[in-house]
Each structure stands twice: as structure tokens, then as C-alpha cells.
file final-v6.cif (mmCIF, C-alpha atoms and all ligand atoms)
data_entry
#
loop_
_atom_site.group_PDB
_atom_site.id
_atom_site.type_symbol
_atom_site.label_atom_id
_atom_site.label_comp_id
_atom_site.auth_asym_id
_atom_site.auth_seq_id
_atom_site.Cartn_x
_atom_site.Cartn_y
_atom_site.Cartn_z
ATOM 1 C CA MET A 1 0.000 0.000 0.000
ATOM 2 C CA THR A 2 1.404 3.426 -0.945
ATOM 3 C CA VAL A 3 2.201 5.824 1.871
ATOM 4 C CA THR A 4 0.611 9.210 1.222
ATOM 5 C CA LYS A 5 0.023 10.591 4.717
ATOM 6 C CA GLY A 6 2.488 12.178 7.081
ATOM 7 C CA ILE A 7 1.826 13.119 10.687
ATOM 8 C CA PHE A 8 3.746 16.108 12.017
ATOM 9 C CA PRO A 9 3.390 16.190 15.824
ATOM 10 C CA VAL A 10 4.323 19.778 16.665
ATOM 11 C CA ALA A 11 2.450 20.192 19.939
ATOM 12 C CA GLY A 12 5.451 19.812 22.278
ATOM 13 C CA LEU A 13 6.249 22.662 24.638
ATOM 14 C CA GLY A 14 9.796 23.166 23.370
ATOM 15 C CA THR A 15 11.316 23.619 26.820
ATOM 16 C CA ARG A 16 14.878 23.331 25.494
ATOM 17 C CA PHE A 17 14.394 26.523 23.538
ATOM 18 C CA LEU A 18 12.790 28.805 26.100
ATOM 19 C CA PRO A 19 12.146 31.698 26.243
ATOM 20 C CA ALA A 20 11.809 31.857 22.423
ATOM 21 C CA THR A 21 9.187 29.108 22.490
ATOM 22 C CA LYS A 22 7.050 30.780 25.135
ATOM 23 C CA ALA A 23 4.982 32.632 22.550
ATOM 24 C CA GLN A 24 5.738 30.851 19.255
ATOM 25 C CA PRO A 25 6.114 27.286 17.996
ATOM 26 C CA LYS A 26 9.751 26.187 17.933
ATOM 27 C CA VAL A 27 9.369 24.824 14.393
ATOM 28 C CA MET A 28 8.598 28.370 13.224
ATOM 29 C CA LEU A 29 12.068 29.598 14.216
ATOM 30 C CA PRO A 30 13.901 30.411 10.986
ATOM 31 C CA LEU A 31 16.962 28.672 9.573
ATOM 32 C CA VAL A 32 18.262 31.641 7.577
ATOM 33 C CA ASP A 33 14.908 32.753 6.100
ATOM 34 C CA LYS A 34 12.650 29.707 6.150
ATOM 35 C CA PRO A 35 11.020 28.271 9.258
ATOM 36 C CA ILE A 36 12.384 24.910 10.396
ATOM 37 C CA ILE A 37 9.073 23.227 9.560
ATOM 38 C CA HIS A 38 9.373 24.347 5.925
ATOM 39 C CA TYR A 39 12.503 22.207 5.428
ATOM 40 C CA VAL A 40 10.807 19.182 6.968
ATOM 41 C CA VAL A 41 7.671 19.609 4.847
ATOM 42 C CA GLU A 42 9.917 19.864 1.780
ATOM 43 C CA GLU A 43 11.434 16.499 2.679
ATOM 44 C CA ALA A 44 7.935 15.002 2.920
ATOM 45 C CA VAL A 45 6.859 16.424 -0.440
ATOM 46 C CA GLN A 46 10.065 15.282 -2.126
ATOM 47 C CA SER A 47 9.374 11.811 -0.714
ATOM 48 C CA GLY A 48 5.887 11.790 -2.273
ATOM 49 C CA ILE A 49 3.964 12.566 0.922
ATOM 50 C CA GLU A 50 1.595 15.456 0.362
ATOM 51 C CA ASP A 51 -1.257 14.812 2.826
ATOM 52 C CA ILE A 52 0.188 16.467 5.883
ATOM 53 C CA ILE A 53 -1.511 16.193 9.257
ATOM 54 C CA PHE A 54 -0.188 18.713 11.760
ATOM 55 C CA VAL A 55 -0.928 17.848 15.378
ATOM 56 C CA THR A 56 -0.796 21.240 17.045
ATOM 57 C CA GLY A 57 -1.166 22.665 20.521
ATOM 58 C CA ARG A 58 -2.317 25.980 21.880
ATOM 59 C CA GLY A 59 -0.600 29.075 20.496
ATOM 60 C CA GLN A 60 0.459 27.442 17.234
ATOM 61 C CA ALA A 61 -1.754 29.255 14.769
ATOM 62 C CA ALA A 62 1.407 30.577 13.094
ATOM 63 C CA ILE A 63 1.959 27.141 11.514
ATOM 64 C CA GLU A 64 -1.525 27.123 10.013
ATOM 65 C CA ASN A 65 -1.087 30.663 8.704
ATOM 66 C CA TYR A 66 2.292 29.824 7.218
ATOM 67 C CA PHE A 67 0.913 27.050 5.003
ATOM 68 C CA ASP A 68 -2.141 29.081 4.021
ATOM 69 C CA LEU A 69 -2.411 31.762 1.357
ATOM 70 C CA SER A 70 -1.774 35.307 2.493
ATOM 71 C CA PHE A 71 -4.051 37.378 0.315
ATOM 72 C CA GLU A 72 -2.870 40.862 1.361
ATOM 73 C CA LEU A 73 0.807 39.994 1.138
ATOM 74 C CA GLU A 74 0.385 38.340 -2.251
ATOM 75 C CA GLU A 75 -1.559 41.272 -3.613
ATOM 76 C CA PHE A 76 1.131 43.631 -2.352
ATOM 77 C CA LEU A 77 3.928 41.617 -4.000
ATOM 78 C CA ARG A 78 1.928 41.382 -7.232
ATOM 79 C CA THR A 79 1.443 45.142 -7.454
ATOM 80 C CA LYS A 80 5.163 45.636 -6.812
ATOM 81 C CA ASN A 81 6.051 43.011 -9.466
ATOM 82 C CA LYS A 82 8.022 41.012 -6.948
ATOM 83 C CA THR A 83 7.481 37.703 -8.762
ATOM 84 C CA GLY A 84 10.408 35.865 -7.149
ATOM 85 C CA GLU A 85 9.107 36.499 -3.630
ATOM 86 C CA LEU A 86 5.584 35.632 -4.747
ATOM 87 C CA GLU A 87 6.663 32.255 -6.120
ATOM 88 C CA GLN A 88 8.589 31.519 -2.954
ATOM 89 C CA LEU A 89 5.558 32.349 -0.869
ATOM 90 C CA ASN A 90 3.220 30.079 -2.774
ATOM 91 C CA GLY A 91 5.627 27.270 -3.580
ATOM 92 C CA ILE A 92 5.118 25.067 -0.571
ATOM 93 C CA SER A 93 1.459 25.753 0.249
ATOM 94 C CA ASN A 94 0.481 24.763 -3.271
ATOM 95 C CA LEU A 95 2.197 21.409 -2.923
ATOM 96 C CA ILE A 96 0.631 20.059 0.255
ATOM 97 C CA ASN A 97 -2.856 19.198 1.455
ATOM 98 C CA PRO A 98 -2.563 20.303 5.065
ATOM 99 C CA CYS A 99 -4.893 19.305 7.843
ATOM 100 C CA TYR A 100 -4.720 20.475 11.456
ATOM 101 C CA ILE A 101 -5.805 18.645 14.546
ATOM 102 C CA ARG A 102 -5.430 19.709 18.129
ATOM 103 C CA GLN A 103 -3.709 17.775 20.903
ATOM 104 C CA LYS A 104 -5.520 19.318 23.850
ATOM 105 C CA ALA A 105 -2.765 18.612 26.359
ATOM 106 C CA ALA A 106 0.905 17.752 25.796
ATOM 107 C CA LYS A 107 0.606 14.107 26.868
ATOM 108 C CA GLY A 108 3.547 12.897 24.844
ATOM 109 C CA LEU A 109 4.592 12.034 21.294
ATOM 110 C CA GLY A 110 2.671 8.737 21.362
ATOM 111 C CA HIS A 111 -0.491 10.538 22.407
ATOM 112 C CA ALA A 112 -0.012 13.174 19.681
ATOM 113 C CA ILE A 113 0.100 10.428 17.032
ATOM 114 C CA LEU A 114 -2.944 8.734 18.517
ATOM 115 C CA VAL A 115 -4.903 11.989 18.215
ATOM 116 C CA ALA A 116 -4.600 11.653 14.406
ATOM 117 C CA ARG A 117 -5.806 8.041 14.348
ATOM 118 C CA HIS A 118 -9.185 8.674 12.723
ATOM 119 C CA LEU A 119 -7.515 10.655 9.918
ATOM 120 C CA VAL A 120 -5.277 7.758 8.954
ATOM 121 C CA GLU A 121 -7.308 4.663 9.844
ATOM 122 C CA ASN A 122 -5.894 1.549 8.201
ATOM 123 C CA GLU A 123 -3.044 2.947 6.175
ATOM 124 C CA PRO A 124 0.679 2.903 6.787
ATOM 125 C CA PHE A 125 1.874 6.458 7.469
ATOM 126 C CA ALA A 126 4.988 8.541 8.031
ATOM 127 C CA VAL A 127 5.861 10.573 11.128
ATOM 128 C CA PHE A 128 8.148 13.598 10.924
ATOM 129 C CA LEU A 129 9.462 15.309 14.046
ATOM 130 C CA GLY A 130 9.931 18.944 13.149
ATOM 131 C CA ASP A 131 13.050 19.329 15.306
ATOM 132 C CA ASP A 132 15.072 17.075 13.060
ATOM 133 C CA VAL A 133 16.132 18.703 9.827
ATOM 134 C CA ILE A 134 17.905 16.256 7.543
ATOM 135 C CA ASP A 135 20.122 17.311 4.718
ATOM 136 C CA SER A 136 20.607 14.497 2.220
ATOM 137 C CA ARG A 137 20.910 13.750 -1.483
ATOM 138 C CA ILE A 138 17.915 11.404 -1.374
ATOM 139 C CA PRO A 139 15.287 12.683 1.093
ATOM 140 C CA CYS A 140 15.498 10.674 4.326
ATOM 141 C CA MET A 141 11.847 9.593 4.183
ATOM 142 C CA ARG A 142 12.279 8.464 0.583
ATOM 143 C CA GLN A 143 15.160 6.226 1.745
ATOM 144 C CA MET A 144 12.875 4.787 4.443
ATOM 145 C CA LEU A 145 10.037 4.259 1.976
ATOM 146 C CA ASN A 146 12.404 2.167 -0.127
ATOM 147 C CA VAL A 147 12.859 -0.126 2.893
ATOM 148 C CA TYR A 148 9.116 -0.169 3.571
ATOM 149 C CA GLU A 149 8.295 -1.058 -0.015
ATOM 150 C CA ARG A 150 10.575 -4.077 0.274
ATOM 151 C CA TYR A 151 9.578 -5.389 3.727
ATOM 152 C CA HIS A 152 6.112 -3.854 4.401
ATOM 153 C CA CYS A 153 7.037 -3.333 8.048
ATOM 154 C CA SER A 154 7.473 -0.308 10.284
ATOM 155 C CA VAL A 155 10.811 1.442 9.818
ATOM 156 C CA VAL A 156 12.580 3.820 12.221
ATOM 157 C CA ALA A 157 15.430 6.125 11.175
ATOM 158 C CA LEU A 158 18.701 5.410 12.946
ATOM 159 C CA GLN A 159 21.863 7.343 13.584
ATOM 160 C CA ARG A 160 25.025 6.227 15.367
ATOM 161 C CA VAL A 161 25.725 8.360 18.451
ATOM 162 C CA GLU A 162 28.556 8.689 20.951
ATOM 163 C CA ARG A 163 27.993 6.393 23.936
ATOM 164 C CA ALA A 164 27.773 9.439 26.229
ATOM 165 C CA GLN A 165 24.761 10.661 24.228
ATOM 166 C CA THR A 166 22.547 7.590 24.663
ATOM 167 C CA PRO A 167 20.569 9.185 27.557
ATOM 168 C CA SER A 168 19.098 11.626 25.011
ATOM 169 C CA TYR A 169 17.645 8.999 22.651
ATOM 170 C CA GLY A 170 15.685 5.810 22.199
ATOM 171 C CA ILE A 171 18.349 3.160 21.550
ATOM 172 C CA VAL A 172 17.739 -0.089 19.668
ATOM 173 C CA LYS A 173 18.950 -3.615 20.221
ATOM 174 C CA PRO A 174 19.732 -4.520 16.617
ATOM 175 C CA ARG A 175 20.150 -7.607 14.428
ATOM 176 C CA GLN A 176 22.111 -6.548 11.382
ATOM 177 C CA ILE A 177 20.630 -7.382 7.981
ATOM 178 C CA ASP A 178 22.893 -5.409 5.709
ATOM 179 C CA GLU A 179 25.232 -2.428 5.939
ATOM 180 C CA ARG A 180 22.509 0.082 6.867
ATOM 181 C CA LEU A 181 19.530 -2.104 7.705
ATOM 182 C CA PHE A 182 18.727 -3.769 11.033
ATOM 183 C CA GLN A 183 15.857 -5.668 12.523
ATOM 184 C CA VAL A 184 14.923 -4.038 15.814
ATOM 185 C CA LEU A 185 14.842 -6.723 18.509
ATOM 186 C CA ASP A 186 14.148 -4.311 21.346
ATOM 187 C CA MET A 187 14.513 -0.660 22.236
ATOM 188 C CA VAL A 188 15.203 1.303 25.384
ATOM 189 C CA GLU A 189 14.170 4.914 25.987
ATOM 190 C CA LYS A 190 17.034 7.175 27.116
ATOM 191 C CA PRO A 191 19.346 4.507 28.589
ATOM 192 C CA SER A 192 22.569 5.303 30.446
ATOM 193 C CA PRO A 193 25.706 4.535 28.350
ATOM 194 C CA GLU A 194 26.224 1.334 30.381
ATOM 195 C CA GLU A 195 22.666 0.102 29.846
ATOM 196 C CA ALA A 196 22.439 1.054 26.149
ATOM 197 C CA PRO A 197 22.113 -2.084 23.961
ATOM 198 C CA SER A 198 23.979 -0.359 21.064
ATOM 199 C CA ASP A 199 25.018 3.041 19.773
ATOM 200 C CA LEU A 200 22.110 3.146 17.305
ATOM 201 C CA ALA A 201 19.714 5.950 18.198
ATOM 202 C CA ILE A 202 16.215 6.488 16.830
ATOM 203 C CA ILE A 203 15.798 9.962 15.374
ATOM 204 C CA GLY A 204 12.722 11.863 14.259
ATOM 205 C CA ARG A 205 11.493 9.893 11.247
ATOM 206 C CA TYR A 206 9.205 6.888 11.425
ATOM 207 C CA LEU A 207 7.214 4.851 8.940
ATOM 208 C CA LEU A 208 4.529 3.031 10.836
ATOM 209 C CA THR A 209 2.006 0.335 10.064
ATOM 210 C CA PRO A 210 -1.539 1.164 11.249
ATOM 211 C CA GLU A 211 -1.343 -1.549 13.959
ATOM 212 C CA ILE A 212 0.676 0.978 15.994
ATOM 213 C CA PHE A 213 -2.558 2.852 16.806
ATOM 214 C CA GLN A 214 -3.983 -0.006 18.868
ATOM 215 C CA GLU A 215 -0.623 -0.422 20.618
ATOM 216 C CA LEU A 216 -0.613 3.304 21.428
ATOM 217 C CA ALA A 217 -4.175 3.086 22.719
ATOM 218 C CA ASP A 218 -3.134 0.182 24.988
ATOM 219 C CA THR A 219 0.052 1.877 26.222
ATOM 220 C CA ALA A 220 -0.122 3.299 29.724
ATOM 221 C CA PRO A 221 1.582 6.641 30.407
ATOM 222 C CA GLY A 222 5.303 6.031 30.939
ATOM 223 C CA LYS A 223 8.210 8.379 31.672
ATOM 224 C CA GLY A 224 7.011 11.856 32.702
ATOM 225 C CA GLY A 225 3.366 10.702 32.632
ATOM 226 C CA GLU A 226 3.494 10.835 28.811
ATOM 227 C CA ILE A 227 2.403 8.178 26.314
ATOM 228 C CA GLN A 228 5.694 7.193 24.752
ATOM 229 C CA LEU A 229 5.940 6.087 21.137
ATOM 230 C CA THR A 230 8.890 3.873 22.123
ATOM 231 C CA ASP A 231 6.695 1.909 24.544
ATOM 232 C CA ALA A 232 4.099 1.306 21.812
ATOM 233 C CA LEU A 233 6.813 0.303 19.329
ATOM 234 C CA ARG A 234 8.123 -2.236 21.851
ATOM 235 C CA ARG A 235 4.641 -3.743 21.995
ATOM 236 C CA LEU A 236 4.392 -3.695 18.194
ATOM 237 C CA LEU A 237 7.643 -5.551 17.657
ATOM 238 C CA LYS A 238 6.249 -8.514 19.551
ATOM 239 C CA ARG A 239 3.590 -8.807 16.822
ATOM 240 C CA GLN A 240 5.377 -7.567 13.706
ATOM 241 C CA ALA A 241 8.940 -7.041 12.551
ATOM 242 C CA VAL A 242 10.215 -3.486 12.959
ATOM 243 C CA TYR A 243 13.265 -2.370 10.979
ATOM 244 C CA GLY A 244 15.813 0.325 11.634
ATOM 245 C CA PHE A 245 17.641 2.077 8.825
ATOM 246 C CA ILE A 246 20.782 4.217 9.064
ATOM 247 C CA PHE A 247 19.857 6.936 6.596
ATOM 248 C CA GLU A 248 22.413 8.645 4.383
ATOM 249 C CA GLY A 249 22.645 12.330 5.221
ATOM 250 C CA THR A 250 23.280 14.823 7.995
ATOM 251 C CA ARG A 251 20.771 15.425 10.761
ATOM 252 C CA TYR A 252 20.512 18.686 12.659
ATOM 253 C CA ASP A 253 18.704 18.663 16.002
ATOM 254 C CA THR A 254 17.259 22.140 15.752
ATOM 255 C CA GLY A 255 15.267 21.720 18.979
ATOM 256 C CA ASP A 256 18.593 22.134 20.763
ATOM 257 C CA LYS A 257 20.321 25.527 20.838
ATOM 258 C CA ILE A 258 23.695 24.304 19.575
ATOM 259 C CA GLY A 259 22.068 22.109 16.918
ATOM 260 C CA PHE A 260 20.020 25.081 15.771
ATOM 261 C CA LEU A 261 23.109 27.305 15.509
ATOM 262 C CA LYS A 262 25.059 24.649 13.560
ATOM 263 C CA ALA A 263 22.191 24.285 11.081
ATOM 264 C CA THR A 264 21.888 28.063 10.718
ATOM 265 C CA VAL A 265 25.598 28.494 9.972
ATOM 266 C CA GLU A 266 25.853 25.550 7.567
ATOM 267 C CA PHE A 267 22.673 26.384 5.664
ATOM 268 C CA ALA A 268 23.708 30.030 5.373
ATOM 269 C CA LEU A 269 27.156 29.079 4.058
ATOM 270 C CA ARG A 270 25.540 26.985 1.299
ATOM 271 C CA ARG A 271 23.337 29.770 0.044
ATOM 272 C CA SER A 272 24.246 31.230 -3.336
ATOM 273 C CA ASP A 273 22.995 34.718 -2.383
ATOM 274 C CA ILE A 274 24.615 35.239 1.032
ATOM 275 C CA GLY A 275 27.020 32.297 1.460
ATOM 276 C CA GLU A 276 30.145 34.051 0.228
ATOM 277 C CA ASP A 277 29.695 37.173 2.349
ATOM 278 C CA PHE A 278 28.852 35.106 5.393
ATOM 279 C CA ARG A 279 31.956 32.925 4.922
ATOM 280 C CA ALA A 280 34.127 36.039 4.739
ATOM 281 C CA TYR A 281 32.510 37.344 7.912
ATOM 282 C CA LEU A 282 33.107 34.063 9.783
ATOM 283 C CA LYS A 283 36.727 33.978 8.640
ATOM 284 C CA ALA A 284 37.265 37.510 9.899
ATOM 285 C CA LEU A 285 35.624 36.605 13.200
ATOM 286 C CA ALA A 286 37.876 33.587 13.668
ATOM 287 C CA LEU A 287 41.058 35.669 13.351
HETATM 288 P P1 LIG B 1 10.250 16.503 22.465
HETATM 289 O O1 LIG B 1 10.539 15.357 23.334
HETATM 290 O O2 LIG B 1 11.378 17.085 21.680
HETATM 291 O O3 LIG B 1 9.555 17.612 23.336
HETATM 292 O O4 LIG B 1 9.086 16.048 21.506
HETATM 293 P P2 LIG B 1 9.329 19.115 23.009
HETATM 294 O O5 LIG B 1 8.332 19.641 23.950
HETATM 295 O O6 LIG B 1 8.975 19.333 21.559
HETATM 296 O O7 LIG B 1 10.751 19.807 23.208
HETATM 297 P P3 LIG B 1 11.676 19.959 24.495
HETATM 298 O O8 LIG B 1 12.461 18.687 24.588
HETATM 299 O O9 LIG B 1 10.786 20.226 25.680
HETATM 300 O O10 LIG B 1 12.516 21.150 24.165
HETATM 301 C C1 LIG B 1 9.325 15.276 20.324
HETATM 302 C C2 LIG B 1 8.303 15.639 19.277
HETATM 303 O O11 LIG B 1 7.007 15.289 19.714
HETATM 304 C C3 LIG B 1 6.149 16.396 19.703
HETATM 305 C C4 LIG B 1 7.056 17.610 19.739
HETATM 306 O O12 LIG B 1 6.433 18.748 19.174
HETATM 307 C C5 LIG B 1 8.267 17.131 18.969
HETATM 308 O O13 LIG B 1 8.077 17.251 17.569
HETATM 309 N N1 LIG B 1 5.242 16.314 20.868
HETATM 310 C C6 LIG B 1 5.751 16.009 22.082
HETATM 311 C C7 LIG B 1 3.891 16.523 20.690
HETATM 312 O O14 LIG B 1 3.413 16.814 19.565
HETATM 313 N N2 LIG B 1 3.073 16.421 21.787
HETATM 314 C C8 LIG B 1 3.556 16.114 23.014
HETATM 315 O O15 LIG B 1 2.741 16.021 23.956
HETATM 316 C C9 LIG B 1 4.917 15.915 23.169
#
call {"tool": "encode", "arguments": {"input": "final-v6.cif", "output": "C-alpha cells", "more": "lines below"}}
Ligand code: UTP
result
Amino acid sequence: MTVTKGIFPVAGLGTRFLPATKAQPKVMLPLVDKPIIHYVVEEAVQSGIEDIIFVTGRGQAAIENYFDLSFELEEFLRTKNKTGELEQLNGISNLINPCYIRQKAAKGLGHAILVARHLVENEPFAVFLGDDVIDSRIPCMRQMLNVYERYHCSVVALQRVERAQTPSYGIVKPRQIDERLFQVLDMVEKPSPEEAPSDLAIIGRYLLTPEIFQELADTAPGKGGEIQLTDALRRLLKRQAVYGFIFEGTRYDTGDKIGFLKATVEFALRRSDIGEDFRAYLKALAL
């Protein structure tokens, strides 16, 4: 079955990025001149996923406005003959079919996905965490879809991390299938380096079979009183195979201040319009 739907749970409180996230969604912070969420939606579209379900929380109307038309602004640009800006503005909203659903309380990532259950029903679907911006030749989700199309099982995106970093991630116990592909035998949420079953961390891209919904519904609140996706995935892998795939590309954790700054600098350096000037500025700074 083709995967056409992507869930974007964006209802988290973004505590790592306070105070900026007090009054605006963290995925609306810009990397150079586009909000973080724009890059992630681009990855979805380039992977063939155009039905985008945003799971939002209170105070996140900016996301909805961003993917909508802005009549006054467009009219203004049209009268000023600013066609480049106009195209940029419309580009992404014309490509997706967005849908917004509210998670009334931040009860965890697993709960956010469950909120979208009736919009997905019995189809496999993708999950994109807006914090993770992935720069790659082949879009990360497209790479994962290639695995899904071969095995028809849930697939989680993996990245190798330093042992000291395992307390920040869900870590898998793997059985290697080929260079980048693993069967997930088990997974542990935020283990200490000593307890971690490997150095393979799950990052913010998932392709899930619809059976995950029942597992989420049957999962009791775990760490922090939240319904954890990892707990539901552990239940799922007792019934179905779950695969992990080390994607090709670079991931930026933009929900973290340093990760955000690294992405900003690297994306700015790559830009044809400002990259050269910015490089010169950084060089001068480093002297
Ligand atoms: P995080 O664990 O990164 O939490 O959520 P957070 O609130 O966004 O950020 P920090 O850690 O406090 O700074 C992982 C993903 O799950 C979503 C978040 O928006 C993020 O994309 N999420 C989390 C929800 O949609 N709802 C929740 O209740 C919790």
C-alpha cells in the first residue's frame, strides 16, 4: 500500500528553547529565512507525501497561517512586481494538502500520534518530528520508503551516536541485515551509556504500520506521565517485525540551541545569495 500521509506532531512545549518558544512554535524559528518546519515539509513532499496532518497545541496558529495563502501579502507583491518572492511564498502551500488537529494537552509524542488516528485509519503512514532537519541527497523519508516497499514493516530512522549521548535517545537492540539495515529486537528509551544495547539511536522519522494505533491506545503513560511512542513500538515488535535504517545524510537537532546554531551556519554558508559574504565574515571573526 502506498504511503501518502504524514503526521507532524508539533504540539510539544519546546522547553529546550525557552524563552523563544514561550509565545511561538519552535518549528517556526527560521533557519536563515525559512522556518524549520518548511525544510521538513519539503522532505515530505520530495518523498511523495503530500497529505500532511499537523498535530498542534495551543498558540500554534502561526503554523496554520504559514501554510495558508496570504491574500494581502500576495496582492502587495503582485502590485510591486516582486514575482520571485511571490513564487517563494506560494511554492510550498500549493504542494501540500494540510490538515490540522489539536492535541488538547501535551501528553507525549505517542499521544499526539494517537490523536490523528481517525484521519489515517488503516493505512501505513509517516511521522516527521519537526526538530530534526535532515540534509541528504535522497530525502530521508524516501530512503525509508524504499525499505518499507521491500519489507512492508514499520521502519525507524537510525543514527550512530557517541555512547555518552545515549541518555538523550531511544536506543535499539539490533540484528544486522545489511550495511545500513537492522531488525529491531528491542529498544530502550534514554538509557545510560552502560545500559544502552547499542550506539544506534532512533531519530525523528518513522514509517509506521496502522497496527501501531492499537498499541498506542493500549500503552499506559510512561516516563514523565506521557504516552511514549517507544513503549508502543516495543509492543508492536512482539507482533510484527520493525526495521531500523541508518539513513544517508546529515541530521541537525534544531530543537537544541547548539544544533540550531550549527544548522543556521551551515545552511547560510551553502546559500548562493549570502554564502560568500557570510563565509568572509566568519573567517574575519575567527582571526
Ligand atoms: P520533544 O521530546 O522534543 O519535546 O518532543 P518538546 O516539547 O517538543 O521539546 P523539548 O524537549 O521540551 O525542548 C518530540 C516531538 O514530539 C512532539 C514535539 O512537538 C516534537 O516534535 N510532541 C511532544 C507533541 O506533539 N506532543 C507532546 O505532547 C509531546
call {"tool": "closest_atom_pairs", "arguments": {"input": "final-v6.cif", "of": "segment 192-211 of chain A", "to": "segment 4-19 of chain A", "cutoff": "12 Å", "atoms": "all atoms listed in the file", "output": "JSON lines"}}
result
{"residue": "A:Gly204", "atom": "CA", "partner": "A:Phe8", "partner_atom": "CA", "distance": 10.2}
{"residue": "A:Arg205", "atom": "CA", "partner": "A:Phe8", "partner_atom": "CA", "distance": 10.0}
{"residue": "A:Tyr206", "atom": "CA", "partner": "A:Gly6", "partner_atom": "CA", "distance": 9.6}
{"residue": "A:Leu207", "atom": "CA", "partner": "A:Gly6", "partner_atom": "CA", "distance": 8.9}
{"residue": "A:Leu208", "atom": "CA", "partner": "A:Gly6", "partner_atom": "CA", "distance": 10.1}
{"residue": "A:Thr209", "atom": "CA", "partner": "A:Lys5", "partner_atom": "CA", "distance": 11.7}
{"residue": "A:Pro210", "atom": "CA", "partner": "A:Lys5", "partner_atom": "CA", "distance": 11.6}
call {"tool": "residues_near_ligand", "arguments": {"input": "final-v6.cif", "ligand": "ligand LIG 1 (chain B)", "cutoff": "9 Å", "atoms": "all atoms listed in the file", "output": "ChimeraX atom specification"}}
result
/A:8-18,21,25-27,54-57,103-113,128-132,204,226-228,255-256
call {"tool": "atom_distance", "arguments": {"input": "final-v6.cif", "atom1": "atom CA of Ile258 of chain A", "atom2": "atom CA of Ala62 of chain A"}}
result
24.0 Å
call {"tool": "resolve_selection", "arguments": {"input": "final-v6.cif", "expression": "the PyMOL selection byres (((chain A and resi 231-238) around 8) and not hetatm)", "output": "number ranges by chain"}}
result
A: 110, 184-187, 211-212, 215-216, 218-219, 222, 227-230, 239-242
call {"tool": "atom_distance", "arguments": {"input": "final-v6.cif", "atom1": "atom CA of Phe213 of chain A", "atom2": "atom CA of Leu119 of chain A"}}
result
11.5 Å
call {"tool": "closest_residue", "arguments": {"input": "final-v6.cif", "among": "A:Asn81, A:Ser93, A:Thr2, A:Ser168", "to": "His38 of chain A", "atoms": "all atoms listed in the file"}}
result
A:Ser93
call {"tool": "atom_distance", "arguments": {"input": "final-v6.cif", "atom1": "atom CA of Phe245 of chain A", "atom2": "atom CA of Pro30 of chain A"}}
result
28.7 Å
call {"tool": "residues_around", "arguments": {"input": "final-v6.cif", "residues": "Ala268 of chain A", "least_positions_apart": "3", "cutoff": "10 Å", "atoms": "only C-alpha atoms", "output": "MDAnalysis selection string"}}
result
chainID A and resid 31:33 262:265 271:279
call {"tool": "closest_residue", "arguments": {"input": "final-v6.cif", "among": "A:Glu123, A:Ile134, A:Arg78, A:Ile53", "to": "Gly259 of chain A", "atoms": "only C-alpha atoms"}}
result
A:Ile134
call {"tool": "closest_residue", "arguments": {"input": "final-v6.cif", "among": "A:Asp253, A:Glu194, A:Asp199, A:Glu149", "to": "Lys173 of chain A", "atoms": "only C-alpha atoms"}}
result
A:Asp199
call {"tool": "closest_residue", "arguments": {"input": "final-v6.cif", "among": "A:Ala23, A:Ile177, A:Ala286, A:Ile202", "to": "Ala61 of chain A", "atoms": "only C-alpha atoms"}}
result
A:Ala23
call {"tool": "decode", "arguments": {"input": "final-v6.cif", "residues": "segment 83-99 of chain A", "atoms": "N, CA and C atoms", "output": "PDB file, in the first residue's frame"}}
result
ATOM      1  N   THR A  83       7.926  39.053  -8.396  1.00  0.00           N
ATOM      2  CA  THR A  83       7.481  37.703  -8.762  1.00  0.00           C
ATOM      3  C   THR A  83       8.282  36.609  -8.038  1.00  0.00           C
ATOM      4  N   GLY A  84       9.567  36.864  -7.846  1.00  0.00           N
ATOM      5  CA  GLY A  84      10.408  35.865  -7.149  1.00  0.00           C
ATOM      6  C   GLY A  84       9.861  35.584  -5.764  1.00  0.00           C
ATOM      7  N   GLU A  85       9.619  36.621  -5.001  1.00  0.00           N
ATOM      8  CA  GLU A  85       9.107  36.499  -3.630  1.00  0.00           C
ATOM      9  C   GLU A  85       7.732  35.822  -3.631  1.00  0.00           C
ATOM     10  N   LEU A  86       6.933  36.177  -4.646  1.00  0.00           N
ATOM     11  CA  LEU A  86       5.584  35.632  -4.747  1.00  0.00           C
ATOM     12  C   LEU A  86       5.627  34.119  -4.966  1.00  0.00           C
ATOM     13  N   GLU A  87       6.523  33.700  -5.855  1.00  0.00           N
ATOM     14  CA  GLU A  87       6.663  32.255  -6.120  1.00  0.00           C
ATOM     15  C   GLU A  87       7.103  31.520  -4.872  1.00  0.00           C
ATOM     16  N   GLN A  88       8.069  32.118  -4.180  1.00  0.00           N
ATOM     17  CA  GLN A  88       8.589  31.519  -2.954  1.00  0.00           C
ATOM     18  C   GLN A  88       7.469  31.327  -1.931  1.00  0.00           C
ATOM     19  N   LEU A  89       6.638  32.333  -1.856  1.00  0.00           N
ATOM     20  CA  LEU A  89       5.558  32.349  -0.869  1.00  0.00           C
ATOM     21  C   LEU A  89       4.548  31.236  -1.134  1.00  0.00           C
ATOM     22  N   ASN A  90       4.259  31.041  -2.419  1.00  0.00           N
ATOM     23  CA  ASN A  90       3.220  30.079  -2.774  1.00  0.00           C
ATOM     24  C   ASN A  90       3.732  28.667  -2.944  1.00  0.00           C
ATOM     25  N   GLY A  91       5.046  28.563  -3.244  1.00  0.00           N
ATOM     26  CA  GLY A  91       5.627  27.270  -3.580  1.00  0.00           C
ATOM     27  C   GLY A  91       5.142  26.120  -2.718  1.00  0.00           C
ATOM     28  N   ILE A  92       5.358  26.226  -1.429  1.00  0.00           N
ATOM     29  CA  ILE A  92       5.118  25.067  -0.571  1.00  0.00           C
ATOM     30  C   ILE A  92       3.631  24.867  -0.281  1.00  0.00           C
ATOM     31  N   SER A  93       2.878  25.956  -0.093  1.00  0.00           N
ATOM     32  CA  SER A  93       1.459  25.753   0.249  1.00  0.00           C
ATOM     33  C   SER A  93       0.674  25.156  -0.913  1.00  0.00           C
ATOM     34  N   ASN A  94       1.173  25.355  -2.132  1.00  0.00           N
ATOM     35  CA  ASN A  94       0.481  24.763  -3.271  1.00  0.00           C
ATOM     36  C   ASN A  94       0.748  23.269  -3.388  1.00  0.00           C
ATOM     37  N   LEU A  95       1.807  22.809  -2.750  1.00  0.00           N
ATOM     38  CA  LEU A  95       2.197  21.409  -2.923  1.00  0.00           C
ATOM     39  C   LEU A  95       1.575  20.460  -1.911  1.00  0.00           C
ATOM     40  N   ILE A  96       1.121  20.985  -0.773  1.00  0.00           N
ATOM     41  CA  ILE A  96       0.631  20.059   0.255  1.00  0.00           C
ATOM     42  C   ILE A  96      -0.876  20.219   0.495  1.00  0.00           C
ATOM     43  N   ASN A  97      -1.471  19.143   0.976  1.00  0.00           N
ATOM     44  CA  ASN A  97      -2.856  19.198   1.455  1.00  0.00           C
ATOM     45  C   ASN A  97      -2.771  19.163   2.970  1.00  0.00           C
ATOM     46  N   PRO A  98      -2.737  20.314   3.615  1.00  0.00           N
ATOM     47  CA  PRO A  98      -2.563  20.303   5.065  1.00  0.00           C
ATOM     48  C   PRO A  98      -3.870  20.081   5.806  1.00  0.00           C
ATOM     49  N   CYS A  99      -3.742  19.558   6.993  1.00  0.00           N
ATOM     50  CA  CYS A  99      -4.893  19.305   7.843  1.00  0.00           C
ATOM     51  C   CYS A  99      -4.380  19.505   9.275  1.00  0.00           C
TER      52      CYS A  99
END
